[in-house]
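Trainee: My structure is stored as coords21.pdb, with PDB, C-alpha atoms.
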```
ATOM      1  CA  MET Y   1     121.719 116.931 105.813
ATOM      2  CA  ALA Y   2     120.417 113.925 107.669
ATOM      3  CA  LYS Y   3     121.028 113.427 111.377
ATOM      4  CA  LYS Y   4     124.008 111.165 110.855
ATOM      5  CA  ASP Y   5     125.683 113.826 108.680
ATOM      6  CA  VAL Y   6     125.713 116.699 111.149
ATOM      7  CA  LYS Y   7     127.351 115.241 114.234
ATOM      8  CA  GLY Y   8     130.847 116.335 115.147
ATOM      9  CA  ASN Y   9     133.685 117.145 112.806
ATOM     10  CA  GLY Y  10     136.718 115.150 111.774
ATOM     11  CA  LYS Y  11     137.706 114.091 108.272
ATOM     12  CA  LYS Y  12     134.199 113.063 107.351
ATOM     13  CA  HIS Y  13     132.691 116.441 108.226
ATOM     14  CA  GLY Y  14     135.507 118.967 107.868
ATOM     15  CA  GLY Y  15     138.833 119.001 105.973
ATOM     16  CA  ARG Y  16     139.776 116.778 103.060
ATOM     17  CA  ARG Y  17     137.925 113.644 102.142
ATOM     18  CA  SER Y  18     139.072 110.418 100.530
ATOM     19  CA  GLY Y  19     141.221 110.943  97.467
ATOM     20  CA  ASP Y  20     142.165 114.432  98.725
ATOM     21  CA  GLU Y  21     138.980 115.888  97.224
ATOM     22  CA  PRO Y  22     138.073 119.402  98.368
ATOM     23  CA  PRO Y  23     135.209 119.557 100.880
ATOM     24  CA  ALA Y  24     131.763 120.362  99.549
ATOM     25  CA  PRO Y  25     130.668 123.991  99.848
ATOM     26  CA  LEU Y  26     128.866 124.675 103.104
ATOM     27  CA  ARG Y  27     125.754 125.714 101.204
ATOM     28  CA  ASP Y  28     125.567 122.185  99.783
ATOM     29  CA  ARG Y  29     125.946 120.723 103.268
ATOM     30  CA  LEU Y  30     123.302 122.904 104.904
ATOM     31  CA  ARG Y  31     120.739 123.133 102.099
ATOM     32  CA  VAL Y  32     117.302 121.798 102.961
ATOM     33  CA  PRO Y  33     115.980 119.497 100.203
ATOM     34  CA  GLY Y  34     112.534 120.862  99.450
ATOM     35  CA  GLY Y  35     109.630 118.611  98.629
ATOM     36  CA  ALA Y  36     111.049 115.605 100.465
ATOM     37  CA  GLY Y  37     109.496 116.257 103.860
ATOM     38  CA  VAL Y  38     111.361 117.847 106.777
ATOM     39  CA  ASP Y  39     111.737 116.398 110.276
ATOM     40  CA  LEU Y  40     113.495 118.952 112.461
ATOM     41  CA  SER Y  41     114.042 116.398 115.211
ATOM     42  CA  SER Y  42     116.500 114.639 112.891
ATOM     43  CA  TYR Y  43     118.782 117.703 112.816
ATOM     44  CA  PRO Y  44     120.908 118.036 115.992
ATOM     45  CA  ALA Y  45     120.845 121.697 117.024
ATOM     46  CA  ASP Y  46     124.274 121.432 118.677
ATOM     47  CA  ALA Y  47     126.006 119.987 115.605
ATOM     48  CA  THR Y  48     128.819 121.776 113.771
ATOM     49  CA  PRO Y  49     128.723 120.367 110.220
ATOM     50  CA  ALA Y  50     131.887 121.178 108.257
ATOM     51  CA  GLY Y  51     132.801 123.731 110.911
ATOM     52  CA  PRO Y  52     136.033 124.534 112.762
ATOM     53  CA  PRO Y  53     136.978 122.156 115.602
ATOM     54  CA  ASP Y  54     136.214 124.590 118.426
ATOM     55  CA  LYS Y  55     135.192 128.130 119.361
ATOM     56  CA  ALA Y  56     138.708 129.590 119.210
ATOM     57  CA  ALA Y  57     139.265 128.259 115.713
ATOM     58  CA  ALA Y  58     135.849 129.502 114.624
ATOM     59  CA  LEU Y  59     136.521 133.021 115.906
ATOM     60  CA  ALA Y  60     139.880 133.125 114.135
ATOM     61  CA  ASP Y  61     138.388 131.855 110.875
ATOM     62  CA  SER Y  62     135.472 134.291 111.153
ATOM     63  CA  ALA Y  63     137.923 137.173 111.534
ATOM     64  CA  ARG Y  64     139.736 136.082 108.378
ATOM     65  CA  MET Y  65     136.453 135.748 106.515
ATOM     66  CA  GLY Y  66     135.419 139.183 107.718
ATOM     67  CA  VAL Y  67     138.201 140.849 105.747
ATOM     68  CA  HIS Y  68     137.158 139.074 102.555
ATOM     69  CA  LEU Y  69     133.461 139.702 103.195
ATOM     70  CA  ALA Y  70     134.084 143.423 103.641
ATOM     71  CA  ASP Y  71     136.027 143.545 100.364
ATOM     72  CA  LEU Y  72     133.304 141.696  98.450
ATOM     73  CA  GLN Y  73     130.606 143.909  99.930
ATOM     74  CA  GLU Y  74     132.469 147.052  98.888
ATOM     75  CA  ARG Y  75     132.869 145.671  95.378
ATOM     76  CA  LEU Y  76     129.151 144.841  95.219
ATOM     77  CA  TRP Y  77     128.253 148.333  96.456
ATOM     78  CA  ALA Y  78     130.645 149.942  93.971
ATOM     79  CA  ALA Y  79     129.274 147.862  91.086
ATOM     80  CA  GLY Y  80     125.780 148.981  92.048
ATOM     81  CA  THR Y  81     126.715 152.623  91.557
ATOM     82  CA  ALA Y  82     127.624 151.792  87.949
ATOM     83  CA  GLY Y  83     124.379 150.064  86.998
ATOM     84  CA  ASP Y  84     124.930 146.506  88.251
ATOM     85  CA  ARG Y  85     121.513 145.569  89.660
ATOM     86  CA  ARG Y  86     122.701 142.563  91.638
ATOM     87  CA  ARG Y  87     122.128 142.519  95.390
ATOM     88  CA  VAL Y  88     121.847 140.045  98.253
ATOM     89  CA  LEU Y  89     118.968 139.379 100.633
ATOM     90  CA  LEU Y  90     119.731 137.448 103.830
ATOM     91  CA  VAL Y  91     116.566 136.129 105.487
ATOM     92  CA  LEU Y  92     116.927 135.055 109.124
ATOM     93  CA  GLN Y  93     114.213 132.939 110.739
ATOM     94  CA  GLY Y  94     114.178 130.939 113.931
ATOM     95  CA  MET Y  95     112.519 130.499 117.282
ATOM     96  CA  ASP Y  96     112.990 133.103 120.019
ATOM     97  CA  THR Y  97     116.630 133.201 121.278
ATOM     98  CA  SER Y  98     117.904 131.334 118.206
ATOM     99  CA  GLY Y  99     120.187 134.289 117.499
ATOM    100  CA  LYS Y 100     118.719 136.402 114.732
ATOM    101  CA  GLY Y 101     119.810 139.635 116.419
ATOM    102  CA  GLY Y 102     123.153 138.130 117.421
ATOM    103  CA  THR Y 103     123.808 137.112 113.841
ATOM    104  CA  VAL Y 104     123.127 140.637 112.639
ATOM    105  CA  LYS Y 105     125.496 142.028 115.283
ATOM    106  CA  HIS Y 106     128.398 139.621 114.749
ATOM    107  CA  VAL Y 107     128.149 138.864 111.028
ATOM    108  CA  ILE Y 108     126.662 141.959 109.433
ATOM    109  CA  GLY Y 109     128.726 144.106 111.788
ATOM    110  CA  GLN Y 110     131.700 143.324 109.534
ATOM    111  CA  PHE Y 111     130.140 145.256 106.643
ATOM    112  CA  ASN Y 112     130.017 148.939 105.786
ATOM    113  CA  PRO Y 113     126.572 150.089 107.022
ATOM    114  CA  SER Y 114     126.216 152.317 103.946
ATOM    115  CA  GLY Y 115     125.748 149.235 101.785
ATOM    116  CA  CYS Y 116     123.367 147.384 104.110
ATOM    117  CA  ARG Y 117     119.631 147.601 104.643
ATOM    118  CA  ILE Y 118     118.480 145.915 107.872
ATOM    119  CA  ARG Y 119     114.829 145.413 108.700
ATOM    120  CA  ALA Y 120     113.269 143.623 111.674
ATOM    121  CA  PHE Y 121     109.682 142.580 110.992
ATOM    122  CA  LYS Y 122     107.393 142.702 113.985
ATOM    123  CA  THR Y 123     103.614 142.513 114.362
ATOM    124  CA  PRO Y 124     102.066 144.218 111.303
ATOM    125  CA  THR Y 125     100.922 147.779 111.864
ATOM    126  CA  SER Y 126      97.356 148.856 111.160
ATOM    127  CA  GLU Y 127      98.562 150.309 107.852
ATOM    128  CA  GLU Y 128     100.352 147.081 106.882
ATOM    129  CA  ARG Y 129      97.273 145.003 107.665
ATOM    130  CA  LYS Y 130      95.360 146.925 105.010
ATOM    131  CA  HIS Y 131      97.605 145.460 102.309
ATOM    132  CA  PRO Y 132      98.541 141.952 101.045
ATOM    133  CA  PHE Y 133     101.125 140.293 103.312
ATOM    134  CA  LEU Y 134     103.991 140.811 100.846
ATOM    135  CA  TRP Y 135     103.384 144.581 100.628
ATOM    136  CA  ARG Y 136     105.615 145.519 103.550
ATOM    137  CA  ILE Y 137     108.276 143.071 102.360
ATOM    138  CA  ARG Y 138     108.533 144.634  98.920
ATOM    139  CA  ARG Y 139     109.027 148.067 100.498
ATOM    140  CA  ALA Y 140     112.043 146.815 102.473
ATOM    141  CA  LEU Y 141     113.956 145.031  99.696
ATOM    142  CA  PRO Y 142     117.626 145.925  99.094
ATOM    143  CA  GLU Y 143     118.459 148.183  96.197
ATOM    144  CA  ALA Y 144     121.204 147.635  93.633
ATOM    145  CA  GLY Y 145     124.548 146.859  95.271
ATOM    146  CA  GLU Y 146     123.092 146.473  98.758
ATOM    147  CA  ILE Y 147     122.998 143.585 101.179
ATOM    148  CA  GLY Y 148     119.576 143.385 102.776
ATOM    149  CA  ILE Y 149     119.000 141.591 106.064
ATOM    150  CA  PHE Y 150     115.568 140.515 107.269
ATOM    151  CA  ASP Y 151     115.257 139.705 110.982
ATOM    152  CA  ARG Y 152     112.072 137.646 110.545
ATOM    153  CA  SER Y 153     110.321 138.077 107.227
ATOM    154  CA  HIS Y 154     107.332 137.201 105.049
ATOM    155  CA  TYR Y 155     107.562 133.707 106.527
ATOM    156  CA  GLU Y 156     105.889 134.983 109.684
ATOM    157  CA  ASP Y 157     102.707 134.918 107.610
ATOM    158  CA  VAL Y 158     102.898 131.124 107.308
ATOM    159  CA  LEU Y 159     104.462 130.514 110.745
ATOM    160  CA  ILE Y 160     102.811 132.495 113.520
ATOM    161  CA  ALA Y 161      99.763 132.928 111.292
ATOM    162  CA  ARG Y 162      99.461 129.141 111.079
ATOM    163  CA  VAL Y 163     100.110 128.448 114.759
ATOM    164  CA  ARG Y 164      97.860 131.251 116.030
ATOM    165  CA  GLU Y 165      95.255 130.716 113.309
ATOM    166  CA  LEU Y 166      95.447 134.356 112.255
ATOM    167  CA  ALA Y 167      94.201 133.536 108.763
ATOM    168  CA  PRO Y 168      92.044 130.810 107.216
ATOM    169  CA  HIS Y 169      93.875 127.532 106.598
ATOM    170  CA  LYS Y 170      93.132 127.736 102.872
ATOM    171  CA  GLU Y 171      94.662 131.212 102.648
ATOM    172  CA  ILE Y 172      97.810 130.162 104.493
ATOM    173  CA  ASN Y 173      98.272 127.204 102.151
ATOM    174  CA  HIS Y 174      97.957 129.590  99.200
ATOM    175  CA  ARG Y 175     100.707 131.801 100.637
ATOM    176  CA  TYR Y 176     103.426 129.178 100.162
ATOM    177  CA  GLY Y 177     102.936 129.394  96.405
ATOM    178  CA  GLU Y 178     102.851 133.185  96.571
ATOM    179  CA  ILE Y 179     106.134 133.189  98.454
ATOM    180  CA  ASN Y 180     107.796 130.872  95.942
ATOM    181  CA  ARG Y 181     106.666 132.993  92.997
ATOM    182  CA  PHE Y 182     107.753 136.157  94.785
ATOM    183  CA  GLU Y 183     111.230 134.811  95.572
ATOM    184  CA  LYS Y 184     111.666 133.495  92.041
ATOM    185  CA  SER Y 185     110.831 136.952  90.692
ATOM    186  CA  LEU Y 186     113.485 138.411  92.991
ATOM    187  CA  THR Y 187     116.176 136.079  91.680
ATOM    188  CA  GLU Y 188     115.189 136.895  88.116
ATOM    189  CA  ASP Y 189     115.693 140.571  88.973
ATOM    190  CA  GLY Y 190     119.233 140.079  90.269
ATOM    191  CA  VAL Y 191     118.611 139.307  93.935
ATOM    192  CA  THR Y 192     120.590 136.472  95.531
ATOM    193  CA  VAL Y 193     118.257 135.156  98.240
ATOM    194  CA  VAL Y 194     119.989 133.457 101.184
ATOM    195  CA  LYS Y 195     117.388 132.041 103.577
ATOM    196  CA  VAL Y 196     118.749 130.787 106.902
ATOM    197  CA  PHE Y 197     116.776 128.890 109.513
ATOM    198  CA  LEU Y 198     118.564 129.100 112.868
ATOM    199  CA  HIS Y 199     117.778 125.751 114.462
ATOM    200  CA  ILE Y 200     117.815 125.867 118.259
ATOM    201  CA  SER Y 201     116.844 123.065 120.637
ATOM    202  CA  TYR Y 202     114.032 123.293 123.183
ATOM    203  CA  GLU Y 203     116.540 122.797 126.022
ATOM    204  CA  GLN Y 204     118.925 125.507 124.818
ATOM    205  CA  GLN Y 205     116.093 127.967 124.321
ATOM    206  CA  GLY Y 206     115.030 127.394 127.920
ATOM    207  CA  ARG Y 207     118.563 128.091 129.160
ATOM    208  CA  ARG Y 208     118.812 131.319 127.161
ATOM    209  CA  LEU Y 209     115.439 132.578 128.354
ATOM    210  CA  LEU Y 210     116.446 131.845 131.940
ATOM    211  CA  GLU Y 211     119.726 133.723 131.433
ATOM    212  CA  ARG Y 212     117.725 136.780 130.388
ATOM    213  CA  LEU Y 213     115.556 136.544 133.480
ATOM    214  CA  ASN Y 214     118.575 136.107 135.775
ATOM    215  CA  ASN Y 215     120.437 139.109 134.366
ATOM    216  CA  PRO Y 216     118.837 142.547 134.916
ATOM    217  CA  ASP Y 217     120.856 143.905 132.004
ATOM    218  CA  LYS Y 218     119.007 141.517 129.707
ATOM    219  CA  HIS Y 219     115.471 142.027 130.979
ATOM    220  CA  TRP Y 220     114.848 144.360 128.038
ATOM    221  CA  LYS Y 221     115.358 141.371 125.732
ATOM    222  CA  PHE Y 222     112.756 139.279 127.541
ATOM    223  CA  ASN Y 223     109.133 139.208 126.500
ATOM    224  CA  VAL Y 224     106.524 137.471 128.637
ATOM    225  CA  GLY Y 225     104.966 136.338 125.361
ATOM    226  CA  ASP Y 226     108.070 134.187 124.794
ATOM    227  CA  ILE Y 227     106.824 131.818 127.511
ATOM    228  CA  GLU Y 228     103.471 131.482 125.802
ATOM    229  CA  ALA Y 229     105.150 130.849 122.451
ATOM    230  CA  ARG Y 230     107.435 128.261 124.047
ATOM    231  CA  ALA Y 231     104.359 126.364 125.216
ATOM    232  CA  LEU Y 232     103.460 126.001 121.536
ATOM    233  CA  TRP Y 233     106.864 124.557 120.606
ATOM    234  CA  PRO Y 234     105.490 121.456 118.784
ATOM    235  CA  GLU Y 235     103.121 123.590 116.734
ATOM    236  CA  TYR Y 236     105.894 125.997 115.734
ATOM    237  CA  GLN Y 237     108.229 123.152 114.817
ATOM    238  CA  LYS Y 238     105.546 121.712 112.559
ATOM    239  CA  ALA Y 239     104.917 125.105 110.968
ATOM    240  CA  TYR Y 240     108.639 125.475 110.261
ATOM    241  CA  GLU Y 241     108.832 121.976 108.814
ATOM    242  CA  ILE Y 242     106.055 122.773 106.356
ATOM    243  CA  ALA Y 243     107.576 126.130 105.362
ATOM    244  CA  LEU Y 244     111.059 124.688 104.898
ATOM    245  CA  ASP Y 245     109.716 121.795 102.846
ATOM    246  CA  ARG Y 246     107.393 123.776 100.596
ATOM    247  CA  CYS Y 247     109.598 126.843 100.113
ATOM    248  CA  SER Y 248     113.094 125.416  99.673
ATOM    249  CA  THR Y 249     113.292 125.870  95.917
ATOM    250  CA  PRO Y 250     116.146 125.700  93.392
ATOM    251  CA  GLU Y 251     115.976 129.487  93.048
ATOM    252  CA  ALA Y 252     115.820 130.235  96.784
ATOM    253  CA  PRO Y 253     116.707 127.224  98.941
ATOM    254  CA  TRP Y 254     116.611 127.156 102.725
ATOM    255  CA  TYR Y 255     119.784 126.566 104.732
ATOM    256  CA  LEU Y 256     119.472 124.983 108.160
ATOM    257  CA  VAL Y 257     122.140 126.254 110.572
ATOM    258  CA  PRO Y 258     122.391 124.494 113.961
ATOM    259  CA  ALA Y 259     122.237 127.372 116.454
ATOM    260  CA  ASP Y 260     122.841 125.922 119.921
ATOM    261  CA  ARG Y 261     126.506 126.946 119.624
ATOM    262  CA  LYS Y 262     126.659 130.668 118.940
ATOM    263  CA  TRP Y 263     130.194 130.507 117.613
ATOM    264  CA  TYR Y 264     129.190 127.941 114.993
ATOM    265  CA  ARG Y 265     126.048 129.854 114.073
ATOM    266  CA  ASN Y 266     128.033 133.040 113.383
ATOM    267  CA  TRP Y 267     130.742 131.172 111.511
ATOM    268  CA  ALA Y 268     128.245 129.276 109.348
ATOM    269  CA  VAL Y 269     126.224 132.347 108.355
ATOM    270  CA  SER Y 270     129.455 134.199 107.519
ATOM    271  CA  LYS Y 271     130.578 131.256 105.416
ATOM    272  CA  LEU Y 272     127.256 131.033 103.578
ATOM    273  CA  LEU Y 273     127.392 134.739 102.741
ATOM    274  CA  LEU Y 274     131.004 134.444 101.641
ATOM    275  CA  GLU Y 275     130.222 131.556  99.284
ATOM    276  CA  HIS Y 276     127.336 133.436  97.689
ATOM    277  CA  LEU Y 277     129.303 136.667  97.317
ATOM    278  CA  GLU Y 278     132.259 134.799  95.839
ATOM    279  CA  ALA Y 279     129.897 133.233  93.307
ATOM    280  CA  LEU Y 280     128.677 136.706  92.349
ATOM    281  CA  ASP Y 281     132.290 137.935  92.079
ATOM    282  CA  PRO Y 282     131.395 141.650  91.874
ATOM    283  CA  GLN Y 283     134.010 143.896  90.303
ATOM    284  CA  TYR Y 284     134.908 147.526  90.785
ATOM    285  CA  PRO Y 285     133.540 149.494  87.815
ATOM    286  CA  LYS Y 286     135.987 150.889  85.305
ATOM    287  CA  ALA Y 287     136.381 154.673  85.219
ATOM    288  CA  ASP Y 288     134.039 156.428  82.799
ATOM    289  CA  PHE Y 289     136.387 159.415  82.568
ATOM    290  CA  ASP Y 290     139.956 160.109  81.419
ATOM    291  CA  VAL Y 291     142.047 159.135  84.451
ATOM    292  CA  GLU Y 292     145.305 160.593  83.143
ATOM    293  CA  GLU Y 293     143.708 163.865  82.157
ATOM    294  CA  SER Y 294     142.106 164.158  85.598
ATOM    295  CA  ARG Y 295     145.448 163.446  87.258
ATOM    296  CA  LYS Y 296     147.111 166.182  85.225
ATOM    297  CA  LEU Y 297     144.387 168.677  86.131
ATOM    298  CA  LEU Y 298     144.657 167.797  89.824
ATOM    299  CA  LEU Y 299     148.436 168.079  89.908
ATOM    300  CA  ALA Y 300     148.314 171.398  88.073
ATOM    301  CA  GLN Y 301     146.134 173.100  90.677
ATOM    302  CA  THR Y 302     147.398 175.512  93.346
ATOM    303  CA  PRO Y 303     145.503 177.729  95.836
ATOM    304  CA  GLU Y 304     146.610 180.767  93.833
ATOM    305  CA  GLY Y 305     145.404 179.338  90.555
ATOM    306  CA  GLY Y 306     148.945 178.597  89.322
ATOM    307  CA  THR Y 307     150.240 175.407  87.805
ATOM    308  CA  ARG Y 308     152.735 174.094  90.373
ATOM    309  CA  THR Y 309     151.786 171.684  93.109
ATOM    310  CA  ALA Y 310     153.353 169.508  95.784
ATOM    311  CA  LEU Y 311     150.919 166.644  95.185
ATOM    312  CA  GLY Y 312     152.570 163.397  94.242
ATOM    313  CA  GLY Y 313     155.998 164.439  95.558
TER     314      GLY Y 313
END
```
As structure tokens - that is how I would like this structure written.
Mentor:
Amino acid sequence: MAKKDVKGNGKKHGGRRSGDEPPAPLRDRLRVPGGAGVDLSSYPADATPAGPPDKAAALADSARMGVHLADLQERLWAAGTAGDRRRVLLVLQGMDTSGKGGTVKHVIGQFNPSGCRIRAFKTPTSEERKHPFLWRIRRALPEAGEIGIFDRSHYEDVLIARVRELAPHKEINHRYGEINRFEKSLTEDGVTVVKVFLHISYEQQGRRLLERLNNPDKHWKFNVGDIEARALWPEYQKAYEIALDRCSTPEAPWYLVPADRKWYRNWAVSKLLLEHLEALDPQYPKADFDVEESRKLLLAQTPEGGTRTALGG
């Protein structure tokens, strides 16, 4: 997804292409090619690749997708109760104000909470620091049939750890390989890993931080540390470039979602989830009991223990 490919919409970026060919799946459009080097400055954060023409259209399309997403999630959850070990893990990473929490609210809010497992990873606790960095991640993984959502993740250990020099450089470099092996093991165990980098611009981040300061109702969302982190913007961008490049693998690729436009961000993450769930195509499990016999028994019951009933008309 080079810079020239993510500007605007139109026939080249949306709808049908020459020869009336169907558009490429969004996951093909947004996938980060690992091992080729990543330059985040070449990805416009306000672009809307393959997206709807405007906010109104995006909201309408997201609502339509929501119905299908909810159905697929229920089918996945139901299949899990019958022994299907497949599950989905959505990893959300991005700079402060890029919309990780907003994505959870607007996209995951369409699902049945019973089949979701949401975890926000903050500064490791004293207990977590006693263990290898993947220890707390393994404890939060989705179980069979679930959709897991990570607001930040194990990538903090190669992002903030790199920028703040919280671990030796040699150890951080070793972690990229650990992460790749870990994610490959997840996919081999039935986990569909969907890693999304929410790409926000420096200018848009500044506007969103200022909005929080100007609105008393949003002061709770502001952290003075965000200003300090913003001062390290170049270092964080470099850390993300390295992580995206080294850890976008065939088994668990990274998807770069431009996040300056909230409506596009929410639409794109919904679309990515929909494409992955459609590929899984979970099915409701078949009954492991005699349906007709159970129906007869149900219809035969009465409060007095008789055999007549009004059920079924």
Trainee: Any idea what the distance is between CA of Asn112 (chain Y) and CA of Ser62 (chain Y)?
Mentor: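 These atoms are spaced 16.5 Å apart.
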Trainee: Would you pick out the contacts of Asp281 (chain Y) at 9 Å or less, using all atoms listed in the file, so that residues sharing its chain but fewer than 4 positions from it are not included, and give the list as a PyMOL selection string?
Mentor: chain Y and resi 72+75-76+276-277
Trainee: In Å, with one decimal, what is the gap from CA of Met65 (chain Y) to CA of Val269 (chain Y)?
Mentor: 10.9 Å
Trainee: Report as a VMD selection string all protein, DNA and RNA residues lying within 10 Å of Ser41 (chain Y), evaluated on only C-alpha atoms, omitting residues in the same chain fewer than 3 positions from it.
Mentor: chain Y and resid 3 38 44 to 45 201 237 241
Trainee: Could you state the separation of CA of Phe133 (chain Y) and CA of Ile179 (chain Y) in Å, given to one decimal place?
Mentor: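 Taking CA of Phe133 (chain Y) and CA of Ile179 (chain Y), their separation equals 10.0 Å.
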Trainee: Report as an MDAnalysis selection string all protein, DNA and RNA residues lying within 12 Å of Leu213 (chain Y), evaluated on all atoms listed in the file, omitting residues in the same chain fewer than 6 positions from it.
Mentor: chainID Y and resid 206:207 219:224 226:227
Trainee: Would you mind telling me which residue in Y:Arg230, Y:Lys238, Y:His106, Y:His199 lies nearest to Tyr43 (chain Y) when using all atoms listed in the file?
Mentor: Y:His199
Trainee: Restricting the calculation to all atoms listed in the file: of Y:Arg31, Y:Lys100, Y:Arg139, Y:Arg164, which residue gets closest to Leu272 (chain Y)?
Mentor: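 The shortest atom-to-atom distance to Leu272 (chain Y) comes from Y:Arg31.
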Trainee: Could you check the closest approach to Gly148 (chain Y) for each of Y:Thr302, Y:Ser126, Y:Asn180, Y:Gln73 and tell me which residue wins, using all atoms listed in the file?
Mentor: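 Among the listed residues, Y:Gln73 lies closest to Gly148 (chain Y).
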Trainee: Between Y:Gly145, Y:Pro234, Y:Pro23, Y:Pro253, which residue has the minimum interatomic distance to Ala82 (chain Y), considering all atoms listed in the file?
Mentor: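 Closest to Ala82 (chain Y), using all atoms listed in the file: Y:Gly145.
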Trainee: Restricting the calculation to only C-alpha atoms: of Y:Ala231, Y:Ala239, Y:Ala56, Y:Leu92, which residue gets closest to Phe197 (chain Y)?
Mentor: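 Between Y:Ala231, Y:Ala239, Y:Ala56, Y:Leu92, the residue approaching Phe197 (chain Y) most closely is Y:Leu92.
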Trainee: Apply the PyMOL selection byres ((chain Y and resi 260-262) around 7) to the displayed file and report the matching residues as a list in words.
Mentor: Ala45, Asp46, Ile200, Ser201, Gln204, Pro258, Ala259, Trp263, Tyr264, Arg265 and Asn266 of chain Y
Trainee: The selected residues should be written to file as a CSV table (one decimal), in the frame of the given file (atoms: C-alpha atoms).
Mentor:
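again_12.csv written:
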```
chain,number,residue,atom,x,y,z
Y,45,ALA,CA,120.8,121.7,117.0
Y,46,ASP,CA,124.3,121.4,118.7
Y,200,ILE,CA,117.8,125.9,118.3
Y,201,SER,CA,116.8,123.1,120.6
Y,204,GLN,CA,118.9,125.5,124.8
Y,258,PRO,CA,122.4,124.5,114.0
Y,259,ALA,CA,122.2,127.4,116.5
Y,263,TRP,CA,130.2,130.5,117.6
Y,264,TYR,CA,129.2,127.9,115.0
Y,265,ARG,CA,126.0,129.9,114.1
Y,266,ASN,CA,128.0,133.0,113.4
```
Trainee: I need the residue nearest Ala252 (chain Y) from this list: Y:Leu69, Y:Ala57, Y:Val191, Y:Met95. Use all atoms listed in the file for the distance.
Mentor: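 Between Y:Leu69, Y:Ala57, Y:Val191, Y:Met95, the residue approaching Ala252 (chain Y) most closely is Y:Val191.
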Trainee: Apply the PyMOL selection byres ((chain Y and resi 151-160) around 6) to the structure shown and report the selected residues as a PyMOL selection string.
Mentor: chain Y and resi 92-93+120-121+150+161-164+172+239
Trainee: Report, as AutoDock Vina command-line options, the axis-aligned box around all atoms of region 233-251 of chain Y present in the file, extended by 8 Å on each side; give centre and edge lengths in Å to one decimal place.
Mentor:
```
--center_x 109.6 --center_y 125.5 --center_z 106.8 --size_x 29.0 --size_y 24.0 --size_z 43.6
```
Trainee: Using the chain letters and numbers from the file, which residues does the PyMOL selection byres ((chain Y and resi 88) around 7) grab, as a count of residues only?
Mentor: 9
Trainee: Give me, as a VMD selection string, all polymer residues having an atom no more than 10 Å from Trp267 (chain Y), counting all atoms listed in the file and skipping those fewer than 6 positions away in the same chain.
Mentor: chain Y and resid 48 51 to 52 55 57 to 63 65 103 106 to 107 257
Trainee: Take the residues from that selection and write them out as a JSON list (two decimals), keeping the file's coordinate frame, keeping C-alpha atoms.
Mentor:
```json
[["chain", "number", "residue", "atom", "x", "y", "z"],
["Y", 48, "THR", "CA", 128.82, 121.78, 113.77],
["Y", 51, "GLY", "CA", 132.80, 123.73, 110.91],
["Y", 52, "PRO", "CA", 136.03, 124.53, 112.76],
["Y", 55, "LYS", "CA", 135.19, 128.13, 119.36],
["Y", 57, "ALA", "CA", 139.26, 128.26, 115.71],
["Y", 58, "ALA", "CA", 135.85, 129.50, 114.62],
["Y", 59, "LEU", "CA", 136.52, 133.02, 115.91],
["Y", 60, "ALA", "CA", 139.88, 133.12, 114.14],
["Y", 61, "ASP", "CA", 138.39, 131.85, 110.88],
["Y", 62, "SER", "CA", 135.47, 134.29, 111.15],
["Y", 63, "ALA", "CA", 137.92, 137.17, 111.53],
["Y", 65, "MET", "CA", 136.45, 135.75, 106.52],
["Y", 103, "THR", "CA", 123.81, 137.11, 113.84],
["Y", 106, "HIS", "CA", 128.40, 139.62, 114.75],
["Y", 107, "VAL", "CA", 128.15, 138.86, 111.03],
["Y", 257, "VAL", "CA", 122.14, 126.25, 110.57]]
```
